[in-house]
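Notes follow the structure.
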Amino acid sequence: MLTFPKTLIVGLGKTGLSCVRFLSKQGMPIVVADTRTSPPGLAELQAEYPEVTLALGSFQPEILKDVERIIVSPGVATSEPMIQTAIERGIPVIGDIELFAQELNKQPIPTIAVTGSNGKSTVVSLLGAMAQIAGWQAGVGGNIGTPALELLKPEYQLCILELSSFQLETTYSLKPTAAVVLNISPDHMDRYLNLQAYSQTKARIYNNTKIAIYNRDDPLVNAMATGAGTNAATGFQEPTTQIGFTLNIPQNHDYGIMQHQGEPWLVQGLQRLLPIAKLKLPGQHNVANALVALALGYAVNMPLEAMLTALQNYTGLPHRTQLVNTRNGVRWYNDSKGTNPGATIAALQGLHPKQDTAKAVLIAGGESKNADFTELASVVAYTCRAVILFGRDASIIEAALKDTAELIRASDLAQAVQNAAHVAKAGDHVLFSPACASFDMFKNYEQRGEVFMQYVHDLD
């Protein structure tokens, strides 16, 4: 009789449940552990798989008995003592993306992998829209929406994955057709030793990829652009082809921007592709997102006409520089997905590419995740009329932004919106881009954004 090793799944939620479903189909014995006594997905798990062993509450040493493999959810740090004990015992520790990769390698299909501090979801969703217009059956998921294991369907011609640094930590055998690190800015500094460690984790996405896309404007990303060949230190096959993107004039066949008859165009090399004015996505950061989507689509031979059509139709995802309302000459934007300083910087610079444009009133605050707000301060100094601060770490941000703009404290988001309405002048933008996580006051960034939009509509 064929027997399987016992697998321990650490962390339930959407990812853990997808792992249970995948492994159960193969008849593998499973134990699910979670420090929460009532984790998300528990009711579904018990209804669908009553035979699965559960270990809820604090991790106990005996949980590792007879375990021959651990699948850890992205939200669980591998520095967790129980995980470290398993590693010391030689028990393999992987994530759902590695499980996905191992299965995909048996019957490979083209795969695009996208990571970066900011812009991942927009680029991945835009690629999905491009594939749909091209008539391709494409699975879109990973760190956004559908768990990766649920994309293993025979009808898919393409897989488009958003990957977080947490997922990349435990991924070893993914072989993307094309991969990109969009940008690097300090994030999750409560989990990583320093920015270098965070950046190195992001760079893992290039391991074994065929075509690597690099942000020529980001020094940390561009430094990842090593030559082709095998990396003897890791055994990984480095990219065989490189493509760059830039918000400047591109070199060779990279993607970038050039002027034609007085207006800027998206270009590849010298080939004009689309006037930027035809994009519906606001901001310079979304011009970069459009360029990288074109580069990734090109890498998997997506039809250019379909990609350009998608770019002209795509209006973006909720909570990402989303226009909420125009009131008394002031445009209100919801960028609740701005959960780190880099995202807020991109949004501010995107809406205010020149220092002589209208000013912003920024609403920010929440859980800082040990972020460094120094670079945000320099951008606030020339883009913002005022900054409204709320949330647990408002004082940390206030200290960093001293002498940059008028700083106003609010007790909660409702008061922050009222304060912004009072301060903003006709022609200004009010930008809700917290530069922090939401968990001090909200369930997630989506709820935070919905609450913000409701407060804005209530002003009328």
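Residues in the structure tokens are named by chain (A, B, ... in the order shown) and by number from 1 within that chain; ligands are numbered from 1 in the order shown.
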Exercise. If we count only C-alpha atoms, what is near segment 305-312 of chain A at a cut-off of 12 Å, once residues fewer than 4 positions away on the same chain are taken out, given as a ChimeraX atom specification?
Worked result: /A:122-123,125-136,266-267,272-281,286-287,289-298,300-301,316
Would you mind exporting N, CA and C atoms of the selected residues as a tab-separated table (two decimals), in the first residue's frame?
chain	number	residue	atom	x	y	z
A	122	THR	N	-1.81	46.08	-9.28
A	122	THR	CA	-2.20	46.80	-10.49
A	122	THR	C	-1.61	46.15	-11.73
A	123	VAL	N	-0.32	45.82	-11.69
A	123	VAL	CA	0.34	45.21	-12.85
A	123	VAL	C	-0.27	43.84	-13.16
A	125	SER	N	-3.25	42.66	-12.36
A	125	SER	CA	-4.63	42.79	-12.85
A	125	SER	C	-4.66	43.35	-14.27
A	126	LEU	N	-3.76	44.27	-14.56
A	126	LEU	CA	-3.67	44.81	-15.91
A	126	LEU	C	-3.27	43.73	-16.90
A	127	LEU	N	-2.33	42.88	-16.53
A	127	LEU	CA	-1.95	41.75	-17.39
A	127	LEU	C	-3.12	40.81	-17.60
A	128	GLY	N	-3.91	40.58	-16.56
A	128	GLY	CA	-5.10	39.75	-16.71
A	128	GLY	C	-6.08	40.34	-17.71
A	129	ALA	N	-6.24	41.68	-17.67
A	129	ALA	CA	-7.12	42.35	-18.63
A	129	ALA	C	-6.57	42.24	-20.05
A	130	MET	N	-5.26	42.35	-20.19
A	130	MET	CA	-4.64	42.20	-21.50
A	130	MET	C	-4.87	40.79	-22.06
A	131	ALA	N	-4.69	39.78	-21.20
A	131	ALA	CA	-4.88	38.40	-21.64
A	131	ALA	C	-6.33	38.16	-22.05
A	132	GLN	N	-7.26	38.73	-21.31
A	132	GLN	CA	-8.68	38.54	-21.63
A	132	GLN	C	-9.01	39.13	-22.99
A	133	ILE	N	-8.52	40.33	-23.27
A	133	ILE	CA	-8.78	40.95	-24.57
A	133	ILE	C	-8.12	40.16	-25.70
A	134	ALA	N	-6.97	39.54	-25.38
A	134	ALA	CA	-6.28	38.71	-26.39
A	134	ALA	C	-6.98	37.38	-26.62
A	135	GLY	N	-7.96	37.06	-25.77
A	135	GLY	CA	-8.66	35.79	-25.90
A	135	GLY	C	-7.95	34.63	-25.26
A	136	TRP	N	-7.01	34.92	-24.38
A	136	TRP	CA	-6.26	33.88	-23.68
A	136	TRP	C	-6.97	33.48	-22.39
A	266	LEU	N	4.39	56.22	-24.72
A	266	LEU	CA	5.01	54.96	-24.32
A	266	LEU	C	5.71	54.39	-25.55
A	267	VAL	N	6.97	53.95	-25.36
A	267	VAL	CA	7.73	53.43	-26.50
A	267	VAL	C	8.48	52.18	-26.10
A	272	ARG	N	7.06	53.90	-31.28
A	272	ARG	CA	5.99	54.51	-30.51
A	272	ARG	C	4.83	53.54	-30.35
A	273	LEU	N	4.31	53.44	-29.12
A	273	LEU	CA	3.24	52.49	-28.84
A	273	LEU	C	1.91	53.16	-28.53
A	274	LEU	N	1.91	54.17	-27.64
A	274	LEU	CA	0.65	54.77	-27.21
A	274	LEU	C	0.92	56.12	-26.55
A	275	PRO	N	0.15	57.15	-26.88
A	275	PRO	CA	0.29	58.40	-26.14
A	275	PRO	C	-0.12	58.20	-24.68
A	276	ILE	N	0.64	58.76	-23.76
A	276	ILE	CA	0.32	58.62	-22.34
A	276	ILE	C	-1.04	59.21	-22.03
A	277	ALA	N	-1.46	60.21	-22.78
A	277	ALA	CA	-2.75	60.86	-22.55
A	277	ALA	C	-3.92	59.88	-22.69
A	278	LYS	N	-3.71	58.76	-23.38
A	278	LYS	CA	-4.79	57.79	-23.57
A	278	LYS	C	-4.93	56.81	-22.41
A	279	LEU	N	-4.02	56.87	-21.44
A	279	LEU	CA	-4.15	56.03	-20.25
A	279	LEU	C	-5.20	56.60	-19.32
A	280	LYS	N	-6.01	55.73	-18.74
A	280	LYS	CA	-7.02	56.18	-17.77
A	280	LYS	C	-6.49	56.12	-16.34
A	281	LEU	N	-5.39	55.42	-16.13
A	281	LEU	CA	-4.79	55.34	-14.79
A	281	LEU	C	-4.09	56.65	-14.47
A	286	ASN	N	1.69	54.97	-12.35
A	286	ASN	CA	0.90	54.08	-13.20
A	286	ASN	C	1.39	54.07	-14.64
A	287	VAL	N	2.11	55.11	-15.06
A	287	VAL	CA	2.79	55.05	-16.36
A	287	VAL	C	3.86	53.96	-16.30
A	289	ASN	N	3.74	51.37	-14.34
A	289	ASN	CA	3.02	50.10	-14.33
A	289	ASN	C	2.60	49.68	-15.74
A	290	ALA	N	2.19	50.65	-16.55
A	290	ALA	CA	1.82	50.35	-17.93
A	290	ALA	C	3.01	49.84	-18.72
A	291	LEU	N	4.16	50.47	-18.52
A	291	LEU	CA	5.37	50.05	-19.25
A	291	LEU	C	5.79	48.63	-18.88
A	292	VAL	N	5.77	48.32	-17.59
A	292	VAL	CA	6.20	46.99	-17.19
A	292	VAL	C	5.20	45.93	-17.63
A	293	ALA	N	3.91	46.26	-17.66
A	293	ALA	CA	2.92	45.31	-18.16
A	293	ALA	C	3.16	45.01	-19.64
A	294	LEU	N	3.50	46.05	-20.40
A	294	LEU	CA	3.83	45.84	-21.81
A	294	LEU	C	5.06	44.94	-21.96
A	295	ALA	N	6.07	45.17	-21.14
A	295	ALA	CA	7.29	44.36	-21.21
A	295	ALA	C	7.02	42.90	-20.87
A	296	LEU	N	6.22	42.67	-19.84
A	296	LEU	CA	5.90	41.30	-19.44
A	296	LEU	C	5.03	40.61	-20.48
A	297	GLY	N	4.07	41.35	-21.02
A	297	GLY	CA	3.23	40.77	-22.07
A	297	GLY	C	4.03	40.42	-23.31
A	298	TYR	N	4.95	41.30	-23.67
A	298	TYR	CA	5.84	41.04	-24.80
A	298	TYR	C	6.66	39.77	-24.57
A	300	VAL	N	5.89	37.10	-23.11
A	300	VAL	CA	5.13	35.84	-23.31
A	300	VAL	C	4.37	35.87	-24.63
A	301	ASN	N	4.78	36.79	-25.53
A	301	ASN	CA	4.22	36.86	-26.89
A	301	ASN	C	2.73	37.22	-26.91
A	316	GLY	N	-8.10	50.76	-13.27
A	316	GLY	CA	-7.41	50.52	-12.02
A	316	GLY	C	-8.21	49.74	-11.00
For this session: Enumerate the residues of segment 99-348 of chain A with a DSSP assignment of strand (DSSP E or B), computed from the backbone, and present them as a PyMOL selection string.
Result: chain A and resi 111-115+138-142+146+158-162+178-181+211-215+229-230+237-238+241-245+255-260+263-268+271-275+322-327+330-334
Go ahead and save the picked residues with C-alpha atoms, as a compact mmCIF listing (two decimals), in the first residue's frame.
# COMPACT_ATOMS: atom_id res chain seq x y z
CA THR A 111 4.09 31.91 -16.07
CA ILE A 112 4.57 35.58 -15.22
CA ALA A 113 5.77 36.40 -11.70
CA VAL A 114 5.49 39.91 -10.27
CA THR A 115 6.82 41.30 -7.00
CA ALA A 138 -5.26 33.06 -17.96
CA GLY A 139 -5.18 32.36 -14.23
CA VAL A 140 -4.48 35.40 -12.05
CA GLY A 141 -3.67 35.03 -8.37
CA GLY A 142 -1.05 34.29 -5.73
CA THR A 146 -7.11 33.37 -5.96
CA LEU A 158 -0.93 31.46 -18.86
CA CYS A 159 -0.48 31.92 -15.10
CA ILE A 160 0.02 35.45 -13.75
CA LEU A 161 1.29 35.50 -10.16
CA GLU A 162 1.59 38.32 -7.67
CA ALA A 178 9.10 36.30 -17.20
CA ALA A 179 9.61 37.93 -13.82
CA VAL A 180 9.94 41.43 -12.41
CA VAL A 181 10.77 43.28 -9.21
CA ILE A 211 13.23 36.71 -19.15
CA ALA A 212 13.95 39.24 -16.41
CA ILE A 213 12.36 42.69 -16.43
CA TYR A 214 14.28 45.39 -14.53
CA ASN A 215 13.32 48.86 -13.34
CA GLY A 229 24.45 31.98 -16.73
CA THR A 230 24.45 29.72 -13.71
CA GLN A 237 19.93 29.55 -13.40
CA GLU A 238 20.08 33.29 -13.90
CA THR A 241 17.26 37.69 -21.41
CA GLN A 242 16.90 41.13 -19.82
CA ILE A 243 14.40 43.87 -20.62
CA GLY A 244 14.31 47.22 -18.85
CA PHE A 245 11.72 49.91 -18.31
CA TYR A 255 10.50 50.33 -22.64
CA GLY A 256 10.27 54.01 -21.77
CA ILE A 257 8.92 57.44 -22.68
CA MET A 258 9.72 59.73 -25.61
CA GLN A 259 8.24 62.97 -26.85
CA HIS A 260 6.44 63.04 -30.22
CA GLU A 263 3.31 64.93 -26.18
CA PRO A 264 4.83 61.96 -24.29
CA TRP A 265 4.43 58.45 -25.68
CA LEU A 266 5.01 54.96 -24.32
CA VAL A 267 7.73 53.43 -26.50
CA GLN A 268 9.80 50.32 -26.95
CA GLN A 271 8.87 52.32 -31.65
CA ARG A 272 5.99 54.51 -30.51
CA LEU A 273 3.24 52.49 -28.84
CA LEU A 274 0.65 54.77 -27.21
CA PRO A 275 0.29 58.40 -26.14
CA GLN A 322 -8.86 55.84 -6.80
CA LEU A 323 -10.77 59.04 -7.55
CA VAL A 324 -13.63 59.18 -5.02
CA ASN A 325 -15.20 62.58 -5.55
CA THR A 326 -14.64 66.15 -6.69
CA ARG A 327 -15.99 68.67 -4.23
CA VAL A 330 -10.91 69.57 -4.69
CA ARG A 331 -10.30 66.04 -5.98
CA TRP A 332 -10.38 63.30 -3.31
CA TYR A 333 -8.32 60.14 -3.85
CA ASN A 334 -8.48 56.83 -1.95
For this session: Any chance you could list, as an NGL selection string, the residues in segment 164-338 of chain A that come up alpha helix (DSSP H) when DSSP is run on the backbone?
Result: :A and (165-168 or 195-203 or 219-222 or 284-299 or 304-313)
Exercise. What lies within 9 Å of Phe452 of chain A using only C-alpha atoms, ignoring chain neighbours under 5 positions off, as a ChimeraX atom specification?
Worked result: /A:334,336,413-414,417,432,447,457
Seminar exercise, completed: With distances taken over only C-alpha atoms, the candidate from A:Gly13, A:Pro61, A:Gly342, A:Gly145 nearest Gly116 of chain A is A:Gly342
For this session: Can you work out the spacing between atom CA of Lys106 of chain A and atom CA of Ile83 of chain A in Å, to one decimal?
Result: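 Atom CA of Ile83 of chain A lies 28.1 Å from atom CA of Lys106 of chain A.
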Problem set entry | Distance query Val361 of chain A at most 7 Å, only C-alpha atoms, self and fewer than 5 positions along chain excluded, as a list of chain:residue names | A:Cys384, A:Arg385, A:Ala386, A:Val387, A:Ala420, A:Ala424, A:His429, A:Val430, A:Leu431
Output N, CA and C atoms for every residue in the selection just made, as a compact mmCIF listing (two decimals), in the first residue's frame.
# COMPACT_ATOMS: atom_id res chain seq x y z
N CYS A 384 2.95 68.85 -0.56
CA CYS A 384 1.81 68.93 0.36
C CYS A 384 1.62 70.32 0.98
N ARG A 385 0.39 70.72 1.02
CA ARG A 385 -0.01 71.91 1.76
C ARG A 385 -0.11 71.59 3.24
N ALA A 386 -0.65 70.40 3.54
CA ALA A 386 -0.83 69.98 4.93
C ALA A 386 -0.86 68.46 4.98
N VAL A 387 -0.57 67.91 6.15
CA VAL A 387 -0.67 66.47 6.38
C VAL A 387 -1.53 66.26 7.62
N ALA A 420 -9.28 67.67 6.61
CA ALA A 420 -8.80 67.83 5.24
C ALA A 420 -9.75 68.72 4.43
N ALA A 424 -8.11 72.02 2.63
CA ALA A 424 -7.90 71.96 1.19
C ALA A 424 -8.51 73.17 0.48
N HIS A 429 -5.54 68.42 -4.27
CA HIS A 429 -5.94 67.01 -4.14
C HIS A 429 -5.90 66.65 -2.66
N VAL A 430 -6.91 65.92 -2.19
CA VAL A 430 -6.81 65.27 -0.89
C VAL A 430 -6.47 63.81 -1.16
N LEU A 431 -5.34 63.39 -0.67
CA LEU A 431 -4.87 62.02 -0.91
C LEU A 431 -4.86 61.24 0.39
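Of note, atom CA of Met82 of chain A and atom CA of Glu48 of chain A are spaced 27.4 Å apart.
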For this session: For segment 165-169 of chain A, list every protein, DNA or RNA residue within 9 Å, evaluated using only C-alpha atoms, and leave out those in the same chain fewer than 5 positions away; present the list as number ranges by chain.
Result: A: 73-78, 94-98, 115-117, 142-143, 198-199, 201-205
